[in-house]
Amino acid sequence: MLAPWHSLSARVLDSGNSPFETANGKDVWSYAEKNPGHSKLIDEAMACEARVAAFPWIHGIHFDLPYVVAVGAKVDGVENIGGDMFECVPKAGTAFLMICREAIPGDKGEVIIVQAVVEEDKKRAARFREVDIRHGFSVYQGKKKINSFLSNMTKGRNLGNLNLSLLEMIFCPYIMELQQRLCPSRFRFGVFQVFKERSTEMGDLKVRGKKEDEDEDEKAEVEIWNYVFGYVKIAVVKCAIELGVADAIDKHGSPMTLSQLTTTLKCQPSRLYRIMRFLVHYQIFKEEPITKDSIGFALTPLSRRLSRHGERSMAAMILLQSSPVTLAPWHGLSARVLDSGNSPFETAHGKDVWSYAEENPGHSKLIDEAMACDARVAVRAIIEGCPQVFDGIKSLVDVGGGNGTALSMLVKEFPWMHGINFDLPHVVAVAPKVDGIEYVGGDMFVCVPKADAAFFMWVLHDWDDEECIQILKKCREAIPQDKGKVIIVESVLEEDENDKLEFVGLMLDMVMM
């Protein structure tokens with residue numbers, strides 16, 4: 001399910017197939033039919049969302065694609081039928097989910113639609129926006145088919161005798177039974193909500209909420225969706241970077257309307273709107289009035305960091321961490337904790353990260369650019385916070401210096417220093433050349449160039465303790481015994497309640513694992 005997200009920007013540009021088809025060669029349902037394991041995963045995920053309770057007087061008809069019904073659990077009182085809802089739907093008194101009008105009685109038939117609805121309600125809109133993005137890029141092939149359901153159902157009909165009850169929720173795959181009770185947290189946050197704030201009467205059946213649960217359980221009902229759809233945020237932010245949304249607004253010099261953004265970025269309007277709605281909700285961008293009748297999208301301090309240009313840009317770091325190469329090893333994290341076999345990166349790609357980067361220049365460049373954008377922020381803080389560290393240093397070797405961004409900033413600030421950018425040969429070979437800096441390719445486990453001081457920034461965390469000791473021993477050999485320095489810039493995990501970046505350190509610790 002993660003692979004299609006790498007094509008979200010292409011989806012907004014309205015180019016070619018859906019991201020799922022691009023990633024997997026077929027639509028989600030055809031893929032599931034050919035891959036029983038994935039089909040089972042879908043069914044189990046949808047089943048945990050359903051949480052149904054029994055109404056013994058209802059005869060249920062479980063209708064789905066044949067390969068789904070074939071492996072579905074058999075339940076007393078439920079008839080299992082395989083078929084295609086675009087062709088024919090079994091007859092019933094009530095149709096659950098979406099249905100053609102031919103399947104229900106004209107005088108008393110009911111249609112119950114279970115679906116997430118995006119509303120301007122800040123208490124519950126966050127989850128719905130995530131669902132909206134997910135459905136838009138992958139699951140459905142378009143709204144036209146869904147709209148055809150409803151138009152066919154209502155065409156030429158008197159709806160006076162037709163009960164249409166809309167229960168807000170993610171789509172539910174099963175019609176074994178209906179929900180008997182709805183917990184109050186769902187009423188408040190909209191995971192379940194009876195349309196028009198009323199109980200729904202269906203003959204003798206009444207659907208109402210429970211009494212209030214405990215606060216912690218209520219919070220859990222909402223918080224769990226941050227983990228179900230946690231990947232959505234990084235995927236949408238990556239999409240915004242790839243499309244160049246922040247760059248376009250910055251170049252324009254003032255807020256841009258959706259129409260202006262659509263024209264500039266050459267995007268499909270409704271899809272770009274959904275992306276921007278999501279980003280505004282999370283305060284990555286903001287809306288500002290342009291005229292009395294028009295609203296524009298404007299930059300925030302956060303979205304300025306999504307621009308590919310600028311001293312504080314973090315775009316390259318986001319693109320690295322959200323790239324297919326970097327994300328693939330996460331599927332092996334549990335195996336890593338079990339201490340089974342190679343590192344997750346080696347398991348996913350057949351070699352360690354540095355060997356992979358050497359053979360894949362595109363990924364190597366992405367690493368260097370990510371480290372550079374981070375260096376522009378960190379080195380500025382070092383220069384402003386502790387410049388005295390560089391007093392008396394005439395030569396400085398940046399071990400693992402990448403494309404030389406950090407070292408070039410230091411040499412510019414302290415012009416009496418001679419800089420040595422030391423990294424693997426394939427990295428140094430493509431690094432931009434800067435006056436006052438010598439470029440040396442080599443292996444820090446074998447030898448480090450001679451200098452008054454050795455500088456490490458975001459390097460040692462990549463290695464185990466024994467390897468770090470080996471690297472530092474080579475540094476001791478490279479610096480003068482009487483006045484040599486080793487300067488280390490790293491994230492340190494400490495129990496500090498005032499550390500606003502503690503969560504970053506914890507996340508980086510997981511990345512290193």
# chains A, B, ... in the order shown; residues from 1 in each chain; ligands from 1
call {"tool": "select_by_dssp", "arguments": {"residues": "region 265-416 of chain A", "states": "helix (DSSP H, G or I)", "output": "number ranges by chain"}}
result
A: 265, 269-281, 301-304, 315-321, 324-337, 344-349, 353-359, 361-385, 387-390, 405-413
call {"tool": "write_last_selection", "arguments": {"atoms": "C-alpha atoms", "output": "PDB file, in the first residue's frame"}}
result
ATOM      1  CA  LEU A 265       1.762  23.827 -11.792  1.00  0.00           C
ATOM      2  CA  PRO A 269      -7.841  21.326 -10.213  1.00  0.00           C
ATOM      3  CA  SER A 270      -9.965  19.136  -7.923  1.00  0.00           C
ATOM      4  CA  ARG A 271      -7.006  16.956  -6.917  1.00  0.00           C
ATOM      5  CA  LEU A 272      -4.775  19.946  -6.209  1.00  0.00           C
ATOM      6  CA  TYR A 273      -7.586  21.433  -4.120  1.00  0.00           C
ATOM      7  CA  ARG A 274      -7.737  18.288  -1.993  1.00  0.00           C
ATOM      8  CA  ILE A 275      -3.968  18.374  -1.489  1.00  0.00           C
ATOM      9  CA  MET A 276      -4.074  22.025  -0.451  1.00  0.00           C
ATOM     10  CA  ARG A 277      -7.083  21.489   1.831  1.00  0.00           C
ATOM     11  CA  PHE A 278      -5.086  18.806   3.641  1.00  0.00           C
ATOM     12  CA  LEU A 279      -1.973  20.979   3.923  1.00  0.00           C
ATOM     13  CA  VAL A 280      -3.950  23.974   5.182  1.00  0.00           C
ATOM     14  CA  HIS A 281      -5.621  21.830   7.824  1.00  0.00           C
ATOM     15  CA  PRO A 301       7.319  29.327   8.233  1.00  0.00           C
ATOM     16  CA  LEU A 302       6.819  25.571   7.845  1.00  0.00           C
ATOM     17  CA  SER A 303       5.987  25.579   4.128  1.00  0.00           C
ATOM     18  CA  ARG A 304       8.980  27.843   3.421  1.00  0.00           C
ATOM     19  CA  ALA A 315      13.004  19.585   1.048  1.00  0.00           C
ATOM     20  CA  ALA A 316      15.924  17.321   0.168  1.00  0.00           C
ATOM     21  CA  MET A 317      15.846  15.630   3.578  1.00  0.00           C
ATOM     22  CA  ILE A 318      12.131  14.929   3.202  1.00  0.00           C
ATOM     23  CA  LEU A 319      12.624  13.556  -0.310  1.00  0.00           C
ATOM     24  CA  LEU A 320      15.385  11.246   0.951  1.00  0.00           C
ATOM     25  CA  GLN A 321      13.443   9.897   3.913  1.00  0.00           C
ATOM     26  CA  PRO A 324      11.257   4.201  -2.139  1.00  0.00           C
ATOM     27  CA  VAL A 325      14.841   3.164  -1.367  1.00  0.00           C
ATOM     28  CA  THR A 326      14.722   4.572   2.167  1.00  0.00           C
ATOM     29  CA  LEU A 327      11.206   3.395   2.984  1.00  0.00           C
ATOM     30  CA  ALA A 328      11.632  -0.217   1.843  1.00  0.00           C
ATOM     31  CA  PRO A 329      13.843  -1.308   4.805  1.00  0.00           C
ATOM     32  CA  TRP A 330      11.187  -0.286   7.340  1.00  0.00           C
ATOM     33  CA  HIS A 331       9.233  -3.418   6.467  1.00  0.00           C
ATOM     34  CA  GLY A 332      12.090  -5.378   8.063  1.00  0.00           C
ATOM     35  CA  LEU A 333      12.164  -3.495  11.378  1.00  0.00           C
ATOM     36  CA  SER A 334      10.554  -6.294  13.401  1.00  0.00           C
ATOM     37  CA  ALA A 335      13.140  -8.743  12.025  1.00  0.00           C
ATOM     38  CA  ARG A 336      15.853  -6.301  13.111  1.00  0.00           C
ATOM     39  CA  VAL A 337      14.479  -6.284  16.657  1.00  0.00           C
ATOM     40  CA  PRO A 344      16.861  -4.135   7.012  1.00  0.00           C
ATOM     41  CA  PHE A 345      18.583  -2.081   4.297  1.00  0.00           C
ATOM     42  CA  GLU A 346      20.707  -5.040   3.205  1.00  0.00           C
ATOM     43  CA  THR A 347      17.670  -7.313   3.269  1.00  0.00           C
ATOM     44  CA  ALA A 348      15.702  -4.894   1.064  1.00  0.00           C
ATOM     45  CA  HIS A 349      18.474  -3.957  -1.394  1.00  0.00           C
ATOM     46  CA  VAL A 353      23.556   1.748   2.235  1.00  0.00           C
ATOM     47  CA  TRP A 354      27.025   3.034   1.230  1.00  0.00           C
ATOM     48  CA  SER A 355      27.665   0.279  -1.297  1.00  0.00           C
ATOM     49  CA  TYR A 356      24.176   0.873  -2.715  1.00  0.00           C
ATOM     50  CA  ALA A 357      24.822   4.613  -2.974  1.00  0.00           C
ATOM     51  CA  GLU A 358      28.133   4.018  -4.775  1.00  0.00           C
ATOM     52  CA  GLU A 359      26.359   1.960  -7.452  1.00  0.00           C
ATOM     53  CA  PRO A 361      24.478   7.894  -8.276  1.00  0.00           C
ATOM     54  CA  GLY A 362      20.917   9.224  -8.050  1.00  0.00           C
ATOM     55  CA  HIS A 363      20.484   7.940  -4.515  1.00  0.00           C
ATOM     56  CA  SER A 364      24.003   9.078  -3.578  1.00  0.00           C
ATOM     57  CA  LYS A 365      23.128  12.592  -4.751  1.00  0.00           C
ATOM     58  CA  LEU A 366      19.899  12.495  -2.736  1.00  0.00           C
ATOM     59  CA  ILE A 367      21.883  11.600   0.408  1.00  0.00           C
ATOM     60  CA  ASP A 368      24.374  14.426  -0.171  1.00  0.00           C
ATOM     61  CA  GLU A 369      21.627  16.990  -0.803  1.00  0.00           C
ATOM     62  CA  ALA A 370      19.734  15.874   2.306  1.00  0.00           C
ATOM     63  CA  MET A 371      22.837  16.177   4.470  1.00  0.00           C
ATOM     64  CA  ALA A 372      23.584  19.574   2.935  1.00  0.00           C
ATOM     65  CA  CYS A 373      20.179  21.070   3.711  1.00  0.00           C
ATOM     66  CA  ASP A 374      20.498  19.859   7.295  1.00  0.00           C
ATOM     67  CA  ALA A 375      24.054  21.242   7.499  1.00  0.00           C
ATOM     68  CA  ARG A 376      22.894  24.716   6.493  1.00  0.00           C
ATOM     69  CA  VAL A 377      20.760  24.815   9.626  1.00  0.00           C
ATOM     70  CA  ALA A 378      23.088  23.022  12.060  1.00  0.00           C
ATOM     71  CA  VAL A 379      26.348  24.749  11.091  1.00  0.00           C
ATOM     72  CA  ARG A 380      24.746  28.167  11.421  1.00  0.00           C
ATOM     73  CA  ALA A 381      23.766  27.240  14.998  1.00  0.00           C
ATOM     74  CA  ILE A 382      27.345  26.052  15.698  1.00  0.00           C
ATOM     75  CA  ILE A 383      28.863  29.270  14.365  1.00  0.00           C
ATOM     76  CA  GLU A 384      26.487  31.403  16.416  1.00  0.00           C
ATOM     77  CA  GLY A 385      26.546  29.267  19.555  1.00  0.00           C
ATOM     78  CA  PRO A 387      32.611  29.819  17.631  1.00  0.00           C
ATOM     79  CA  GLN A 388      35.406  29.495  20.196  1.00  0.00           C
ATOM     80  CA  VAL A 389      35.663  25.774  19.382  1.00  0.00           C
ATOM     81  CA  PHE A 390      37.549  26.690  16.193  1.00  0.00           C
ATOM     82  CA  THR A 405      28.316  22.262   2.389  1.00  0.00           C
ATOM     83  CA  ALA A 406      29.176  22.224   6.119  1.00  0.00           C
ATOM     84  CA  LEU A 407      32.896  22.717   5.556  1.00  0.00           C
ATOM     85  CA  SER A 408      32.411  25.557   3.070  1.00  0.00           C
ATOM     86  CA  MET A 409      30.317  27.437   5.640  1.00  0.00           C
ATOM     87  CA  LEU A 410      32.989  26.939   8.324  1.00  0.00           C
ATOM     88  CA  VAL A 411      35.864  28.021   6.072  1.00  0.00           C
ATOM     89  CA  LYS A 412      33.907  31.089   5.012  1.00  0.00           C
ATOM     90  CA  GLU A 413      33.250  32.041   8.649  1.00  0.00           C
TER      91      GLU A 413
END
call {"tool": "residues_around", "arguments": {"residues": "Leu261 (chain A)", "least_positions_apart": "3", "cutoff": "10 Å", "atoms": "only C-alpha atoms", "output": "list in words"}}
result
Gly244, Val245, Ala248, Ile249, His252, Pro255, Met256, Thr257, Leu258, Thr264, Leu265, Lys266, Cys267, Pro269, Leu272, Tyr273, Gly296 and Phe297 of chain A
call {"tool": "write_last_selection", "arguments": {"atoms": "N, CA and C atoms", "output": "PDB file, in the first residue's frame"}}
result
ATOM      1  N   GLY A 244       6.220  21.463  -6.485  1.00  0.00           N
ATOM      2  CA  GLY A 244       6.796  22.805  -6.382  1.00  0.00           C
ATOM      3  C   GLY A 244       5.801  23.840  -5.904  1.00  0.00           C
ATOM      4  N   VAL A 245       4.879  23.448  -5.008  1.00  0.00           N
ATOM      5  CA  VAL A 245       3.850  24.370  -4.530  1.00  0.00           C
ATOM      6  C   VAL A 245       4.474  25.559  -3.809  1.00  0.00           C
ATOM      7  N   ALA A 248       6.385  27.860  -6.144  1.00  0.00           N
ATOM      8  CA  ALA A 248       5.504  28.664  -7.006  1.00  0.00           C
ATOM      9  C   ALA A 248       4.966  29.875  -6.254  1.00  0.00           C
ATOM     10  N   ILE A 249       4.514  29.664  -5.019  1.00  0.00           N
ATOM     11  CA  ILE A 249       3.970  30.777  -4.230  1.00  0.00           C
ATOM     12  C   ILE A 249       5.075  31.766  -3.888  1.00  0.00           C
ATOM     13  N   HIS A 252       5.834  33.783  -6.907  1.00  0.00           N
ATOM     14  CA  HIS A 252       4.722  34.697  -7.200  1.00  0.00           C
ATOM     15  C   HIS A 252       4.784  35.936  -6.309  1.00  0.00           C
ATOM     16  N   PRO A 255       0.006  35.498  -1.971  1.00  0.00           N
ATOM     17  CA  PRO A 255      -0.879  34.319  -2.014  1.00  0.00           C
ATOM     18  C   PRO A 255      -1.429  34.067  -3.412  1.00  0.00           C
ATOM     19  N   MET A 256      -1.613  32.787  -3.738  1.00  0.00           N
ATOM     20  CA  MET A 256      -2.114  32.386  -5.047  1.00  0.00           C
ATOM     21  C   MET A 256      -3.445  31.661  -4.907  1.00  0.00           C
ATOM     22  N   THR A 257      -4.369  31.961  -5.784  1.00  0.00           N
ATOM     23  CA  THR A 257      -5.643  31.255  -5.802  1.00  0.00           C
ATOM     24  C   THR A 257      -5.427  29.841  -6.339  1.00  0.00           C
ATOM     25  N   LEU A 258      -6.428  29.002  -6.136  1.00  0.00           N
ATOM     26  CA  LEU A 258      -6.351  27.641  -6.670  1.00  0.00           C
ATOM     27  C   LEU A 258      -6.195  27.674  -8.187  1.00  0.00           C
ATOM     28  N   THR A 264      -0.203  27.385 -13.006  1.00  0.00           N
ATOM     29  CA  THR A 264       1.257  27.427 -12.872  1.00  0.00           C
ATOM     30  C   THR A 264       1.858  26.028 -12.803  1.00  0.00           C
ATOM     31  N   LEU A 265       1.218  25.168 -12.014  1.00  0.00           N
ATOM     32  CA  LEU A 265       1.762  23.827 -11.792  1.00  0.00           C
ATOM     33  C   LEU A 265       1.244  22.801 -12.795  1.00  0.00           C
ATOM     34  N   LYS A 266       0.244  23.235 -13.611  1.00  0.00           N
ATOM     35  CA  LYS A 266      -0.358  22.349 -14.626  1.00  0.00           C
ATOM     36  C   LYS A 266      -0.954  21.096 -13.978  1.00  0.00           C
ATOM     37  N   CYS A 267      -1.738  21.320 -12.911  1.00  0.00           N
ATOM     38  CA  CYS A 267      -2.343  20.223 -12.146  1.00  0.00           C
ATOM     39  C   CYS A 267      -3.819  20.082 -12.473  1.00  0.00           C
ATOM     40  N   PRO A 269      -7.376  20.397 -11.243  1.00  0.00           N
ATOM     41  CA  PRO A 269      -7.841  21.326 -10.213  1.00  0.00           C
ATOM     42  C   PRO A 269      -8.409  20.671  -8.955  1.00  0.00           C
ATOM     43  N   LEU A 272      -5.645  18.973  -6.875  1.00  0.00           N
ATOM     44  CA  LEU A 272      -4.775  19.946  -6.209  1.00  0.00           C
ATOM     45  C   LEU A 272      -5.513  20.592  -5.042  1.00  0.00           C
ATOM     46  N   TYR A 273      -6.809  20.857  -5.215  1.00  0.00           N
ATOM     47  CA  TYR A 273      -7.586  21.433  -4.120  1.00  0.00           C
ATOM     48  C   TYR A 273      -7.574  20.522  -2.901  1.00  0.00           C
ATOM     49  N   GLY A 296      -6.680  32.979  -1.284  1.00  0.00           N
ATOM     50  CA  GLY A 296      -5.442  32.452  -1.842  1.00  0.00           C
ATOM     51  C   GLY A 296      -4.682  31.609  -0.830  1.00  0.00           C
ATOM     52  N   PHE A 297      -3.774  30.792  -1.319  1.00  0.00           N
ATOM     53  CA  PHE A 297      -2.918  29.979  -0.465  1.00  0.00           C
ATOM     54  C   PHE A 297      -1.590  30.720  -0.263  1.00  0.00           C
TER      55      PHE A 297
END
call {"tool": "closest_residue", "arguments": {"among": "A:Glu21, A:Trp458, A:Arg11, A:Lys233", "to": "Ile284 (chain A)", "atoms": "only C-alpha atoms"}}
result
A:Lys233
call {"tool": "closest_residue", "arguments": {"among": "A:Cys239, A:Ala73, A:Leu65, A:Met513", "to": "Leu13 (chain A)", "atoms": "only C-alpha atoms"}}
result
A:Cys239
call {"tool": "closest_residue", "arguments": {"among": "A:Asp509, A:Asp482, A:Glu223, A:Asp398", "to": "Val459 (chain A)", "atoms": "only C-alpha atoms"}}
result
A:Asp398
call {"tool": "atom_distance", "arguments": {"atom1": "CA of Asn35 (chain A)", "atom2": "CA of Gly82 (chain A)"}}
result
17.7 Å
call {"tool": "closest_residue", "arguments": {"among": "A:Met457, A:Met444, A:Val75, A:Ile437", "to": "Leu424 (chain A)", "atoms": "only C-alpha atoms"}}
result
A:Met444
call {"tool": "residues_around", "arguments": {"residues": "Ile471 (chain A)", "least_positions_apart": "4", "cutoff": "7 Å", "atoms": "only C-alpha atoms", "output": "VMD selection string"}}
result
chain A and resid 444 to 445 467 475
call {"tool": "write_last_selection", "arguments": {"atoms": "C-alpha atoms", "output": "PDB file, in the first residue's frame"}}
result
ATOM      1  CA  MET A 444      37.918   6.539   7.288  1.00  0.00           C
ATOM      2  CA  PHE A 445      38.386   3.003   8.642  1.00  0.00           C
ATOM      3  CA  GLU A 467      33.198   0.762  14.552  1.00  0.00           C
ATOM      4  CA  CYS A 475      41.392  10.379  13.950  1.00  0.00           C
TER       5      CYS A 475
END
call {"tool": "residues_around", "arguments": {"residues": "Phe455 (chain A)", "least_positions_apart": "4", "cutoff": "7 Å", "atoms": "only C-alpha atoms", "output": "list in words"}}
result
Leu396, Val397, Asp398, Val399, Val486, Ile487 and Ile488 of chain A
call {"tool": "closest_residue", "arguments": {"among": "A:Lys40, A:Lys292, A:Lys433, A:His6", "to": "Ala70 (chain A)", "atoms": "only C-alpha atoms"}}
result
A:Lys40
call {"tool": "atom_distance", "arguments": {"atom1": "CA of Leu8 (chain A)", "atom2": "CA of Lys238 (chain A)"}}
result
8.6 Å
call {"tool": "closest_residue", "arguments": {"among": "A:Gly436, A:Gly402, A:Gly505, A:Gly37", "to": "Phe414 (chain A)", "atoms": "only C-alpha atoms"}}
result
A:Gly436
